[in-house]
Each structure stands twice: as structure tokens, then as C-alpha cells.
Amino acid sequence: MSEQNKNQNQNHEDTPKTFPGGRASRPSSWKKLLSKRWAYPAAYIAAAAIILTLVWVYQDASQKSFKPDPASPSVQSTSAVSTDGSEQQPESVEVVAQSENIAWPVADASAVKVVKPFFDEKATADEQAAAMVEYDKTFTANTGIDLSRSDDQAFEVRAALSGKVSRVEQHPLVGNVVEITHDNNLKTVYQSLSDLKVKEGDQVKQNDVIASAGRNELEKDLKTHLHFEVYQDDKPVNPTGLLPKK
């Protein structure tokens with residue numbers, strides 16, 4: 001083969017191959033780059049760095065967006081710092097008011113006595129008999145206690161607890177009635193009254209005068225007296241166990 005033909009063949013081999021209607025085929029620079037041993041580890045490290053950067057930016061933005069406003073009423077400070085740099089504890093605030101203890105519904109408990117007790121299912125037969133109310137040849141259990149003076153004189157009737165007057169009425173058998181509603185589903189009822197001092201809807205405080213003791217038809221044998229009842233969740237309870245000892 002002549003030298004000229006050899007040169008032509010060599011030039012023909014070095015010339016990039018072409019295809020009809022296409023460009024010359026050249027080796028891809030990406031393939032050359034990915035053929036390197038360090039290419040894939042470097043790509044993983046770069047991707048991890050990008051992800052960590054995005055996470056950090058997102059967390060920083062979230063903390064700023066949810067930063068509490070000190071002026072907001074829903075944020076309460078738990079401590080204060082004085083001008084000398086020392087930390088001061090906040091003053092304690094009483095949030096639960098102390099409940100009242102039930103009081104005798106009279107000004108002087110020693111001046112009255114229980115003339116008819118509460119009917120207690122656990123009491124003896126004699127005690128239960130003494131707690132029965134007779135009217136028109138019919139006996140009913142006493143749902144409260146009856147108080148009177150030994151000299152049959154009238155006396156002031158006072159609120160045993162603070163509350164709201166929820167009922168004032170005149171009953172043909174038990175006389176004038178005053179009902180006071182208190183917290184915790186508690187009610188006190190005062191019957192056989194005269195000279196009423198309150199009306200329905202009034203707010204009364206413990207020991208406020210609400211009436212005077214009087215007489216009624218149901219227990220006319222007791223003469224001037226006060227019939228006093230206590231209800232918890234609309235169920236009568238024995239007032240004697242709640243009242244302070246004389």
C-alpha cells in the first residue's frame with residue numbers, strides 16, 4: 001500500500017463517524033465525568049449538604065414564625081427580674097375561693113332547740129317515730145329539722161349560706177316558704193315563716209335576715225317555729241350533721 005493510501009486510511013479512522021441526517025457522534029462529557037471513581041461519592045455528599053441546608057433553613061423559619069408575642073395576654077410570665085439582676089418569684093394568686101361552712105339559720109343557736117328531728121333511715125325505731133309528722137291522721141317522714149324557742153317567741157331566721165333566692169311562696173300547709181340556691185347543687189329551704197324580708201331573685205349573704213319564725217297548718221302543734229331543710233342534688237340530707245355544734 002502506498003504512503004498516500006495509508007495517510008488517507010489514517011485520516012478516515014480519526015474522522016468522527018456520521019449518520020445520515022445526524023451530527024457527528026462524540027463521546028459524552030458526562031460519561032467521561034461519571035467514569036471517574038470520585039464522581040458518585042462527590043455527588044452524594046453534595047446532595048446531602050443541600051438537604052441539610054434546606055432542613056436548617058426550614059427550622060429557622062418555623063421558629064421565627066411561631067415566636068410568642070410577649071404582649072399577648074395568653075403568655076404569662078412565671079418570674080420577674082429586678083433592677084439589681086436578681087430573680088423574683090411572682091406573687092401567688094388565690095384562684096379558688098374557700099367555701100362557706102353551713103351556719104345555724106338563727107342569730108343565736110343556743111336560744112333554740114330541735115323540737116322535731118330529721119327522719120333518718122339508719123336511726124332507731126324510737127328516733128324514727130319522733131321524726132314523723134302527723135296531719136289529718138296521716139304520718140309522713142320529716143325531711144328537715146324544726147327549731148323553736150322554749151318560750152314560744154318569734155325569732156329571726158337567717159340565711160345559712162350565701163346564695164340566690166330561687167323561690168318565695170305561700171303554701172296552705174307549710175306557710176311562707178323561702179328557698180335559696182347555693183353552689184355545688186346545694187339548696188336550703190325555710191318554711192313556717194312570717195315577716196318576709198326577701199323576694200325571688202335576691203342575692204343574700206350568709207347570716208342575712210330573710211324572715212321571722214311563724215306558724216303553719218302542717219305542724220301547728222309546734223306553734224311558733226322554723227322548719228329548715230337542706231338538699232344536695234335535690235335529695236334531702238340531715239341538717240344536724242352539717243350544722244356546727246352548739
# chains A, B, ... in the order shown; residues from 1 in each chain; ligands from 1

$ residues_around --residues "A:Ala109" --least-positions-apart "4" --cutoff "10 Å" --atoms "only C-alpha atoms" --output "ChimeraX atom specification"
/A:103-105,113,147,244-246

$ write_last_selection --atoms "all heavy atoms" --output "compact mmCIF listing (two decimals), in the first residue's frame"
# COMPACT_ATOMS: atom_id res chain seq x y z
N ALA A 103 -74.17 27.44 108.40
CA ALA A 103 -74.37 28.02 109.73
C ALA A 103 -75.80 27.78 110.19
O ALA A 103 -76.70 27.48 109.40
CB ALA A 103 -74.08 29.52 109.70
N TRP A 104 -76.02 27.92 111.49
CA TRP A 104 -77.38 27.81 112.02
C TRP A 104 -78.22 28.93 111.41
O TRP A 104 -77.77 30.07 111.29
CB TRP A 104 -77.38 27.91 113.53
CG TRP A 104 -76.91 26.65 114.21
CD1 TRP A 104 -75.64 26.30 114.49
CD2 TRP A 104 -77.73 25.58 114.67
NE1 TRP A 104 -75.59 25.07 115.10
CE2 TRP A 104 -76.87 24.60 115.23
CE3 TRP A 104 -79.11 25.34 114.68
CZ2 TRP A 104 -77.33 23.42 115.78
CZ3 TRP A 104 -79.58 24.17 115.23
CH2 TRP A 104 -78.70 23.22 115.77
N PRO A 105 -79.46 28.64 111.03
CA PRO A 105 -80.31 29.66 110.39
C PRO A 105 -80.96 30.61 111.38
O PRO A 105 -82.06 31.14 111.13
CB PRO A 105 -81.36 28.80 109.67
CG PRO A 105 -81.49 27.58 110.51
CD PRO A 105 -80.12 27.31 111.05
N LYS A 113 -84.02 25.10 120.11
CA LYS A 113 -83.76 23.67 120.22
C LYS A 113 -84.49 22.94 119.10
O LYS A 113 -85.46 23.45 118.52
CB LYS A 113 -84.20 23.13 121.58
CG LYS A 113 -85.69 23.29 121.84
CD LYS A 113 -86.06 22.73 123.21
CE LYS A 113 -87.56 22.89 123.50
NZ LYS A 113 -87.92 22.32 124.81
N LEU A 147 -87.09 24.00 114.51
CA LEU A 147 -86.46 24.75 115.60
C LEU A 147 -87.47 25.69 116.22
O LEU A 147 -88.26 26.32 115.52
CB LEU A 147 -85.26 25.56 115.07
CG LEU A 147 -84.18 24.79 114.29
CD1 LEU A 147 -83.17 25.77 113.69
CD2 LEU A 147 -83.48 23.79 115.20
N PRO A 244 -72.80 23.36 112.78
CA PRO A 244 -71.76 23.33 113.84
C PRO A 244 -72.37 22.96 115.18
O PRO A 244 -73.55 23.23 115.45
CB PRO A 244 -71.19 24.75 113.83
CG PRO A 244 -72.28 25.59 113.24
CD PRO A 244 -72.99 24.75 112.25
N LYS A 245 -71.55 22.36 116.00
CA LYS A 245 -72.01 22.00 117.34
C LYS A 245 -72.25 23.25 118.17
O LYS A 245 -71.54 24.24 118.05
CB LYS A 245 -71.00 21.09 118.04
CG LYS A 245 -70.68 19.81 117.28
CD LYS A 245 -71.91 18.94 117.14
CE LYS A 245 -71.59 17.64 116.40
NZ LYS A 245 -72.80 16.79 116.21
N LYS A 246 -73.26 23.21 119.00
CA LYS A 246 -73.57 24.35 119.86
C LYS A 246 -72.53 24.48 120.97
O LYS A 246 -72.04 23.50 121.48
CB LYS A 246 -74.95 24.18 120.48
CG LYS A 246 -76.10 24.27 119.46
CD LYS A 246 -77.44 24.20 120.17
CE LYS A 246 -78.59 24.28 119.20
NZ LYS A 246 -79.90 24.27 119.88

$ residues_around --residues "A:Asp151" --least-positions-apart "3" --cutoff "12 Å" --atoms "only C-alpha atoms" --output "list of chain:residue names"
A:Ala111, A:Val112, A:Lys113, A:Ser148, A:Ala154, A:Phe155, A:Leu222, A:Lys223, A:Thr224, A:His225

$ write_last_selection --atoms "all heavy atoms" --output "compact mmCIF listing (two decimals), in the first residue's frame"
# COMPACT_ATOMS: atom_id res chain seq x y z
N ALA A 111 -80.31 29.65 121.73
CA ALA A 111 -81.63 30.10 122.15
C ALA A 111 -82.75 29.22 121.58
O ALA A 111 -83.91 29.39 121.98
CB ALA A 111 -81.86 31.55 121.75
N VAL A 112 -82.42 28.30 120.68
CA VAL A 112 -83.43 27.42 120.08
C VAL A 112 -83.04 25.96 120.31
O VAL A 112 -81.90 25.65 120.64
CB VAL A 112 -83.57 27.69 118.56
CG1 VAL A 112 -84.05 29.11 118.31
CG2 VAL A 112 -82.27 27.43 117.83
N LYS A 113 -84.02 25.10 120.11
CA LYS A 113 -83.76 23.67 120.22
C LYS A 113 -84.49 22.94 119.10
O LYS A 113 -85.46 23.45 118.52
CB LYS A 113 -84.20 23.13 121.58
CG LYS A 113 -85.69 23.29 121.84
CD LYS A 113 -86.06 22.73 123.21
CE LYS A 113 -87.56 22.89 123.50
NZ LYS A 113 -87.92 22.32 124.81
N SER A 148 -87.42 25.79 117.54
CA SER A 148 -88.30 26.73 118.23
C SER A 148 -87.68 27.14 119.56
O SER A 148 -86.73 26.51 120.04
CB SER A 148 -89.69 26.12 118.47
OG SER A 148 -89.60 25.08 119.43
N ALA A 154 -91.22 34.51 118.72
CA ALA A 154 -90.66 34.55 117.37
C ALA A 154 -89.17 34.90 117.43
O ALA A 154 -88.70 35.52 118.39
CB ALA A 154 -91.41 35.58 116.53
N PHE A 155 -88.46 34.52 116.41
CA PHE A 155 -87.02 34.82 116.33
C PHE A 155 -86.65 35.03 114.85
O PHE A 155 -87.36 34.59 113.95
CB PHE A 155 -86.18 33.69 116.95
CG PHE A 155 -86.50 32.33 116.42
CD1 PHE A 155 -85.86 31.80 115.28
CD2 PHE A 155 -87.46 31.53 117.04
CE1 PHE A 155 -86.16 30.54 114.81
CE2 PHE A 155 -87.76 30.26 116.56
CZ PHE A 155 -87.12 29.76 115.45
N LEU A 222 -96.51 22.49 116.90
CA LEU A 222 -95.20 23.04 117.27
C LEU A 222 -95.26 24.54 117.53
O LEU A 222 -94.26 25.13 117.95
CB LEU A 222 -94.18 22.77 116.15
CG LEU A 222 -93.89 21.29 115.86
CD1 LEU A 222 -92.87 21.18 114.74
CD2 LEU A 222 -93.42 20.55 117.10
N LYS A 223 -96.40 25.14 117.25
CA LYS A 223 -96.61 26.58 117.47
C LYS A 223 -95.60 27.39 116.66
O LYS A 223 -95.35 27.10 115.50
CB LYS A 223 -96.56 26.88 118.96
CG LYS A 223 -97.63 26.16 119.76
CD LYS A 223 -97.56 26.51 121.23
CE LYS A 223 -98.65 25.78 122.01
NZ LYS A 223 -98.62 26.07 123.46
N THR A 224 -94.97 28.43 117.28
CA THR A 224 -94.03 29.27 116.54
C THR A 224 -92.71 28.51 116.36
O THR A 224 -92.04 28.16 117.34
CB THR A 224 -93.76 30.59 117.28
OG1 THR A 224 -95.02 31.25 117.51
CG2 THR A 224 -92.84 31.49 116.49
N HIS A 225 -92.35 28.30 115.12
CA HIS A 225 -91.14 27.51 114.86
C HIS A 225 -90.63 27.78 113.44
O HIS A 225 -91.28 28.42 112.62
CB HIS A 225 -91.42 26.01 115.03
CG HIS A 225 -92.25 25.44 113.94
ND1 HIS A 225 -93.63 25.66 113.84
CD2 HIS A 225 -91.92 24.67 112.86
CE1 HIS A 225 -94.09 25.04 112.77
NE2 HIS A 225 -93.07 24.43 112.15

$ select_by_dssp --residues "stretch 122-217 of chain A" --states "strand (DSSP E or B)" --output "ChimeraX atom specification"
/A:132-135,138-141,145-148,156-158,163-171,175-182,186-194,203-204,209-214

$ residues_around --residues "A:Gly214" --least-positions-apart "3" --cutoff "12 Å" --atoms "only C-alpha atoms" --output "CSV table (one decimal) with all heavy atoms, in the first residue's frame"
chain,number,residue,atom,x,y,z
A,146,ASP,N,-87.0,21.0,112.8
A,146,ASP,CA,-87.8,22.1,113.3
A,146,ASP,C,-87.2,22.7,114.5
A,146,ASP,O,-86.9,22.0,115.5
A,146,ASP,CB,-89.2,21.5,113.6
A,146,ASP,CG,-89.9,21.1,112.3
A,146,ASP,OD1,-90.5,21.9,111.6
A,146,ASP,OD2,-89.9,19.8,112.1
A,147,LEU,N,-87.1,24.0,114.5
A,147,LEU,CA,-86.5,24.7,115.6
A,147,LEU,C,-87.5,25.7,116.2
A,147,LEU,O,-88.3,26.3,115.5
A,147,LEU,CB,-85.3,25.6,115.1
A,147,LEU,CG,-84.2,24.8,114.3
A,147,LEU,CD1,-83.2,25.8,113.7
A,147,LEU,CD2,-83.5,23.8,115.2
A,148,SER,N,-87.4,25.8,117.5
A,148,SER,CA,-88.3,26.7,118.2
A,148,SER,C,-87.7,27.1,119.6
A,148,SER,O,-86.7,26.5,120.0
A,148,SER,CB,-89.7,26.1,118.5
A,148,SER,OG,-89.6,25.1,119.4
A,149,ARG,N,-88.2,28.2,120.1
A,149,ARG,CA,-87.8,28.7,121.4
A,149,ARG,C,-88.7,28.1,122.5
A,149,ARG,O,-89.9,27.7,122.2
A,149,ARG,CB,-87.9,30.2,121.5
A,149,ARG,CG,-86.8,30.9,120.7
A,149,ARG,CD,-87.1,32.4,120.6
A,149,ARG,NE,-87.3,33.0,122.0
A,149,ARG,CZ,-86.5,33.9,122.5
A,149,ARG,NH1,-85.4,34.4,121.8
A,149,ARG,NH2,-86.7,34.4,123.7
A,152,ASP,N,-91.8,30.1,123.1
A,152,ASP,CA,-92.8,30.2,122.0
A,152,ASP,C,-92.7,31.6,121.4
A,152,ASP,O,-93.7,32.0,120.8
A,152,ASP,CB,-94.2,29.9,122.4
A,152,ASP,CG,-95.1,29.7,121.2
A,152,ASP,OD1,-94.6,29.2,120.2
A,152,ASP,OD2,-96.3,30.0,121.3
A,153,GLN,N,-91.6,32.3,121.6
A,153,GLN,CA,-91.5,33.6,121.0
A,153,GLN,C,-90.9,33.5,119.6
A,153,GLN,O,-90.2,32.6,119.2
A,153,GLN,CB,-90.6,34.5,121.8
A,153,GLN,CG,-91.2,34.8,123.2
A,153,GLN,CD,-92.5,35.6,123.1
A,153,GLN,OE1,-92.5,36.6,122.4
A,153,GLN,NE2,-93.5,35.2,123.8
A,154,ALA,N,-91.2,34.5,118.7
A,154,ALA,CA,-90.7,34.6,117.4
A,154,ALA,C,-89.2,34.9,117.4
A,154,ALA,O,-88.7,35.5,118.4
A,154,ALA,CB,-91.4,35.6,116.5
A,155,PHE,N,-88.5,34.5,116.4
A,155,PHE,CA,-87.0,34.8,116.3
A,155,PHE,C,-86.7,35.0,114.9
A,155,PHE,O,-87.4,34.6,113.9
A,155,PHE,CB,-86.2,33.7,117.0
A,155,PHE,CG,-86.5,32.3,116.4
A,155,PHE,CD1,-85.9,31.8,115.3
A,155,PHE,CD2,-87.5,31.5,117.0
A,155,PHE,CE1,-86.2,30.5,114.8
A,155,PHE,CE2,-87.8,30.3,116.6
A,155,PHE,CZ,-87.1,29.8,115.4
A,156,GLU,N,-85.5,35.7,114.7
A,156,GLU,CA,-85.1,36.0,113.3
A,156,GLU,C,-84.6,34.7,112.6
A,156,GLU,O,-83.9,33.9,113.2
A,156,GLU,CB,-83.9,37.0,113.3
A,156,GLU,CG,-84.4,38.4,113.6
A,156,GLU,CD,-83.2,39.4,113.6
A,156,GLU,OE1,-82.1,39.0,113.7
A,156,GLU,OE2,-83.5,40.6,113.5
A,157,VAL,N,-85.0,34.6,111.3
A,157,VAL,CA,-84.5,33.5,110.5
A,157,VAL,C,-83.4,34.1,109.6
A,157,VAL,O,-83.7,35.0,108.9
A,157,VAL,CB,-85.6,32.8,109.7
A,157,VAL,CG1,-85.1,31.7,108.8
A,157,VAL,CG2,-86.7,32.3,110.7
A,174,VAL,N,-97.6,24.5,104.8
A,174,VAL,CA,-96.3,24.7,105.4
A,174,VAL,C,-96.1,26.2,105.6
A,174,VAL,O,-95.1,26.6,106.2
A,174,VAL,CB,-95.2,24.1,104.7
A,174,VAL,CG1,-95.3,22.6,104.6
A,174,VAL,CG2,-95.0,24.7,103.3
A,175,GLY,N,-97.0,27.1,105.2
A,175,GLY,CA,-96.9,28.5,105.4
A,175,GLY,C,-96.0,29.2,104.4
A,175,GLY,O,-95.8,28.7,103.3
A,176,ASN,N,-95.4,30.3,104.7
A,176,ASN,CA,-94.5,31.0,103.8
A,176,ASN,C,-93.2,30.2,103.7
A,176,ASN,O,-92.6,29.7,104.7
A,176,ASN,CB,-94.2,32.4,104.4
A,176,ASN,CG,-95.4,33.3,104.3
A,176,ASN,OD1,-96.1,33.4,103.2
A,176,ASN,ND2,-95.7,34.1,105.3
A,177,VAL,N,-92.7,30.2,102.4
A,177,VAL,CA,-91.5,29.4,102.1
A,177,VAL,C,-90.5,30.2,101.4
A,177,VAL,O,-90.9,31.0,100.5
A,177,VAL,CB,-91.9,28.2,101.2
A,177,VAL,CG1,-90.7,27.3,100.9
A,177,VAL,CG2,-93.0,27.3,101.9
A,190,TYR,N,-86.6,27.2,103.9
A,190,TYR,CA,-87.1,27.7,105.2
A,190,TYR,C,-88.6,27.8,105.1
A,190,TYR,O,-89.1,28.5,104.2
A,190,TYR,CB,-86.5,29.1,105.4
A,190,TYR,CG,-84.9,29.1,105.2
A,190,TYR,CD1,-84.4,29.2,103.9
A,190,TYR,CD2,-84.1,29.1,106.3
A,190,TYR,CE1,-83.1,29.2,103.7
A,190,TYR,CE2,-82.7,29.2,106.1
A,190,TYR,CZ,-82.2,29.2,104.8
A,190,TYR,OH,-80.8,29.3,104.6
A,191,GLN,N,-89.3,27.1,106.0
A,191,GLN,CA,-90.7,27.1,106.0
A,191,GLN,C,-91.3,27.6,107.3
A,191,GLN,O,-90.5,27.7,108.3
A,191,GLN,CB,-91.2,25.7,105.7
A,191,GLN,CG,-90.8,25.1,104.4
A,191,GLN,CD,-91.3,23.7,104.2
A,191,GLN,OE1,-91.9,23.1,105.1
A,191,GLN,NE2,-91.0,23.1,103.1
A,192,SER,N,-92.6,27.8,107.4
A,192,SER,CA,-93.3,28.3,108.6
A,192,SER,C,-92.7,29.7,108.9
A,192,SER,O,-92.4,30.0,110.1
A,192,SER,CB,-93.1,27.4,109.7
A,192,SER,OG,-93.9,27.8,110.8
A,193,LEU,N,-92.7,30.6,107.9
A,193,LEU,CA,-92.1,31.9,108.1
A,193,LEU,C,-93.2,33.0,108.2
A,193,LEU,O,-94.3,32.8,107.8
A,193,LEU,CB,-91.2,32.3,106.9
A,193,LEU,CG,-90.1,31.3,106.6
A,193,LEU,CD1,-89.3,31.7,105.4
A,193,LEU,CD2,-89.1,31.2,107.8
A,194,SER,N,-92.8,34.1,108.8
A,194,SER,CA,-93.6,35.3,108.8
A,194,SER,C,-92.7,36.5,108.6
A,194,SER,O,-91.4,36.4,108.7
A,194,SER,CB,-94.3,35.5,110.2
A,194,SER,OG,-93.4,35.7,111.2
A,195,ASP,N,-93.3,37.7,108.2
A,195,ASP,CA,-92.5,38.9,108.0
A,195,ASP,C,-91.3,38.7,107.1
A,195,ASP,O,-90.1,38.9,107.5
A,195,ASP,CB,-92.0,39.4,109.4
A,195,ASP,CG,-91.5,40.8,109.3
A,195,ASP,OD1,-91.8,41.5,108.4
A,195,ASP,OD2,-90.7,41.2,110.2
A,196,LEU,N,-91.6,38.3,105.9
A,196,LEU,CA,-90.6,38.0,104.9
A,196,LEU,C,-89.7,39.3,104.6
A,196,LEU,O,-90.3,40.4,104.4
A,196,LEU,CB,-91.2,37.5,103.6
A,196,LEU,CG,-91.9,36.2,103.7
A,196,LEU,CD1,-92.5,35.8,102.4
A,196,LEU,CD2,-91.0,35.1,104.3
A,211,ALA,N,-86.4,36.4,107.2
A,211,ALA,CA,-87.8,36.4,107.7
A,211,ALA,C,-87.7,36.2,109.2
A,211,ALA,O,-86.7,36.3,109.9
A,211,ALA,CB,-88.5,35.3,107.0
A,217,GLU,N,-100.0,25.3,109.2
A,217,GLU,CA,-101.0,24.3,109.4
A,217,GLU,C,-100.5,22.9,109.6
A,217,GLU,O,-101.1,22.1,110.4
A,217,GLU,CB,-102.0,24.4,108.2
A,217,GLU,CG,-103.2,23.5,108.3
A,217,GLU,CD,-104.2,23.8,109.5
A,217,GLU,OE1,-104.1,25.0,110.0
A,217,GLU,OE2,-104.9,22.9,109.9
A,219,GLU,N,-97.8,21.7,110.9
A,219,GLU,CA,-97.2,21.4,112.2
A,219,GLU,C,-97.7,22.4,113.3
A,219,GLU,O,-96.9,23.0,114.0
A,219,GLU,CB,-95.6,21.4,112.2
A,219,GLU,CG,-95.1,20.3,111.2
A,219,GLU,CD,-93.6,20.4,111.0
A,219,GLU,OE1,-93.1,21.6,110.7
A,219,GLU,OE2,-92.9,19.4,111.2
A,220,LYS,N,-98.9,22.6,113.3
A,220,LYS,CA,-99.5,23.6,114.2
A,220,LYS,C,-99.3,23.3,115.7
A,220,LYS,O,-99.3,24.2,116.5
A,220,LYS,CB,-101.0,23.8,113.9
A,220,LYS,CG,-101.8,22.5,114.1
A,220,LYS,CD,-103.3,22.8,113.7
A,220,LYS,CE,-104.1,21.6,113.8
A,220,LYS,NZ,-105.5,21.9,113.3
A,222,LEU,N,-96.5,22.5,116.9
A,222,LEU,CA,-95.2,23.0,117.3
A,222,LEU,C,-95.3,24.5,117.5
A,222,LEU,O,-94.3,25.1,118.0
A,222,LEU,CB,-94.2,22.8,116.2
A,222,LEU,CG,-93.9,21.3,115.9
A,222,LEU,CD1,-92.9,21.2,114.7
A,222,LEU,CD2,-93.4,20.6,117.1
A,223,LYS,N,-96.4,25.1,117.3
A,223,LYS,CA,-96.6,26.6,117.5
A,223,LYS,C,-95.6,27.4,116.7
A,223,LYS,O,-95.4,27.1,115.5
A,223,LYS,CB,-96.6,26.9,119.0
A,223,LYS,CG,-97.6,26.2,119.8
A,223,LYS,CD,-97.6,26.5,121.2
A,223,LYS,CE,-98.7,25.8,122.0
A,223,LYS,NZ,-98.6,26.1,123.5
A,224,THR,N,-95.0,28.4,117.3
A,224,THR,CA,-94.0,29.3,116.5
A,224,THR,C,-92.7,28.5,116.4
A,224,THR,O,-92.0,28.2,117.3
A,224,THR,CB,-93.8,30.6,117.3
A,224,THR,OG1,-95.0,31.3,117.5
A,224,THR,CG2,-92.8,31.5,116.5
A,225,HIS,N,-92.4,28.3,115.1
A,225,HIS,CA,-91.1,27.5,114.9
A,225,HIS,C,-90.6,27.8,113.4
A,225,HIS,O,-91.3,28.4,112.6
A,225,HIS,CB,-91.4,26.0,115.0
A,225,HIS,CG,-92.3,25.4,113.9
A,225,HIS,ND1,-93.6,25.7,113.8
A,225,HIS,CD2,-91.9,24.7,112.9
A,225,HIS,CE1,-94.1,25.0,112.8
A,225,HIS,NE2,-93.1,24.4,112.2
A,226,LEU,N,-89.4,27.3,113.2
A,226,LEU,CA,-88.8,27.3,111.8
A,226,LEU,C,-88.6,25.9,111.4
A,226,LEU,O,-88.0,25.1,112.1
A,226,LEU,CB,-87.5,28.0,111.9
A,226,LEU,CG,-86.6,27.8,110.6
A,226,LEU,CD1,-87.2,28.4,109.4
A,226,LEU,CD2,-85.2,28.4,110.9
A,227,HIS,N,-89.1,25.6,110.2
A,227,HIS,CA,-88.8,24.3,109.6
A,227,HIS,C,-87.7,24.5,108.6
A,227,HIS,O,-87.8,25.3,107.6
A,227,HIS,CB,-90.0,23.7,108.8
A,227,HIS,CG,-89.7,22.4,108.2
A,227,HIS,ND1,-89.7,21.2,108.8
A,227,HIS,CD2,-89.5,22.1,106.9
A,227,HIS,CE1,-89.5,20.2,108.0
A,227,HIS,NE2,-89.3,20.8,106.8

$ closest_residue --among "A:Ser110, A:Pro117, A:Asn184, A:Ala159" --to "A:Asn207" --atoms "only C-alpha atoms"
A:Ala159

$ atom_distance --atom1 "atom CA of A:Ser99" --atom2 "atom CA of A:Gly144"
22.6 Å

$ select_by_dssp --residues "stretch 123-217 of chain A" --states "helix (DSSP H, G or I)" --output "count of residues only"
6

$ residues_around --residues "stretch 199-206 of chain A" --least-positions-apart "6" --cutoff "7 Å" --atoms "only C-alpha atoms" --output "ChimeraX atom specification"
/A:159-168

$ write_last_selection --atoms "all heavy atoms" --output "PDB file, in the first residue's frame"
ATOM      1  N   ALA A 159     -80.042  33.412 106.629  1.00  0.00           N
ATOM      2  CA  ALA A 159     -79.529  32.536 105.577  1.00  0.00           C
ATOM      3  C   ALA A 159     -78.377  31.701 106.119  1.00  0.00           C
ATOM      4  O   ALA A 159     -77.415  32.232 106.677  1.00  0.00           O
ATOM      5  CB  ALA A 159     -79.065  33.365 104.386  1.00  0.00           C
ATOM      6  N   ALA A 160     -78.480  30.394 105.961  1.00  0.00           N
ATOM      7  CA  ALA A 160     -77.432  29.500 106.445  1.00  0.00           C
ATOM      8  C   ALA A 160     -76.190  29.552 105.563  1.00  0.00           C
ATOM      9  O   ALA A 160     -75.090  29.248 106.019  1.00  0.00           O
ATOM     10  CB  ALA A 160     -77.956  28.066 106.515  1.00  0.00           C
ATOM     11  N   LEU A 161     -76.362  29.940 104.300  1.00  0.00           N
ATOM     12  CA  LEU A 161     -75.268  30.063 103.345  1.00  0.00           C
ATOM     13  C   LEU A 161     -75.567  31.215 102.394  1.00  0.00           C
ATOM     14  O   LEU A 161     -76.723  31.586 102.206  1.00  0.00           O
ATOM     15  CB  LEU A 161     -75.092  28.772 102.525  1.00  0.00           C
ATOM     16  CG  LEU A 161     -74.538  27.534 103.221  1.00  0.00           C
ATOM     17  CD1 LEU A 161     -74.708  26.317 102.308  1.00  0.00           C
ATOM     18  CD2 LEU A 161     -73.070  27.720 103.572  1.00  0.00           C
ATOM     19  N   SER A 162     -74.542  31.755 101.783  1.00  0.00           N
ATOM     20  CA  SER A 162     -74.743  32.774 100.757  1.00  0.00           C
ATOM     21  C   SER A 162     -75.318  32.125  99.500  1.00  0.00           C
ATOM     22  O   SER A 162     -75.003  30.974  99.183  1.00  0.00           O
ATOM     23  CB  SER A 162     -73.410  33.453 100.416  1.00  0.00           C
ATOM     24  OG  SER A 162     -72.856  34.082 101.555  1.00  0.00           O
ATOM     25  N   GLY A 163     -76.173  32.853  98.808  1.00  0.00           N
ATOM     26  CA  GLY A 163     -76.761  32.296  97.588  1.00  0.00           C
ATOM     27  C   GLY A 163     -77.815  33.202  97.001  1.00  0.00           C
ATOM     28  O   GLY A 163     -77.917  34.390  97.344  1.00  0.00           O
ATOM     29  N   LYS A 164     -78.613  32.640  96.117  1.00  0.00           N
ATOM     30  CA  LYS A 164     -79.665  33.382  95.425  1.00  0.00           C
ATOM     31  C   LYS A 164     -81.030  32.844  95.828  1.00  0.00           C
ATOM     32  O   LYS A 164     -81.242  31.626  95.852  1.00  0.00           O
ATOM     33  CB  LYS A 164     -79.485  33.245  93.912  1.00  0.00           C
ATOM     34  CG  LYS A 164     -80.523  34.003  93.096  1.00  0.00           C
ATOM     35  CD  LYS A 164     -80.256  33.843  91.605  1.00  0.00           C
ATOM     36  CE  LYS A 164     -81.283  34.596  90.774  1.00  0.00           C
ATOM     37  NZ  LYS A 164     -81.029  34.476  89.318  1.00  0.00           N
ATOM     38  N   VAL A 165     -81.932  33.741  96.129  1.00  0.00           N
ATOM     39  CA  VAL A 165     -83.293  33.344  96.482  1.00  0.00           C
ATOM     40  C   VAL A 165     -83.977  32.853  95.212  1.00  0.00           C
ATOM     41  O   VAL A 165     -84.230  33.626  94.286  1.00  0.00           O
ATOM     42  CB  VAL A 165     -84.067  34.513  97.105  1.00  0.00           C
ATOM     43  CG1 VAL A 165     -85.500  34.083  97.418  1.00  0.00           C
ATOM     44  CG2 VAL A 165     -83.375  35.012  98.364  1.00  0.00           C
ATOM     45  N   SER A 166     -84.255  31.557  95.168  1.00  0.00           N
ATOM     46  CA  SER A 166     -84.822  30.957  93.954  1.00  0.00           C
ATOM     47  C   SER A 166     -86.324  30.714  94.053  1.00  0.00           C
ATOM     48  O   SER A 166     -86.963  30.420  93.037  1.00  0.00           O
ATOM     49  CB  SER A 166     -84.109  29.624  93.657  1.00  0.00           C
ATOM     50  OG  SER A 166     -84.079  28.794  94.805  1.00  0.00           O
ATOM     51  N   ARG A 167     -86.892  30.839  95.265  1.00  0.00           N
ATOM     52  CA  ARG A 167     -88.349  30.635  95.387  1.00  0.00           C
ATOM     53  C   ARG A 167     -88.855  31.320  96.649  1.00  0.00           C
ATOM     54  O   ARG A 167     -88.254  31.200  97.718  1.00  0.00           O
ATOM     55  CB  ARG A 167     -88.667  29.138  95.439  1.00  0.00           C
ATOM     56  CG  ARG A 167     -90.152  28.813  95.609  1.00  0.00           C
ATOM     57  CD  ARG A 167     -90.423  27.341  95.261  1.00  0.00           C
ATOM     58  NE  ARG A 167     -89.685  26.427  96.094  1.00  0.00           N
ATOM     59  CZ  ARG A 167     -90.191  25.781  97.159  1.00  0.00           C
ATOM     60  NH1 ARG A 167     -91.473  25.966  97.493  1.00  0.00           N
ATOM     61  NH2 ARG A 167     -89.456  24.941  97.856  1.00  0.00           N
ATOM     62  N   VAL A 168     -89.976  32.034  96.488  1.00  0.00           N
ATOM     63  CA  VAL A 168     -90.697  32.620  97.621  1.00  0.00           C
ATOM     64  C   VAL A 168     -92.175  32.381  97.355  1.00  0.00           C
ATOM     65  O   VAL A 168     -92.706  32.819  96.334  1.00  0.00           O
ATOM     66  CB  VAL A 168     -90.416  34.133  97.770  1.00  0.00           C
ATOM     67  CG1 VAL A 168     -91.277  34.717  98.884  1.00  0.00           C
ATOM     68  CG2 VAL A 168     -88.946  34.396  98.043  1.00  0.00           C
TER      69      VAL A 168
END

$ atom_distance --atom1 "atom CA of A:Gln170" --atom2 "atom CA of A:Asp234"
20.6 Å

$ closest_residue --among "A:Lys235, A:His171, A:Arg215, A:Arg158" --to "A:Ala107" --atoms "only C-alpha atoms"
A:Arg158

$ atom_distance --atom1 "atom CA of A:Ser212" --atom2 "atom CA of A:Ala130"
25.2 Å
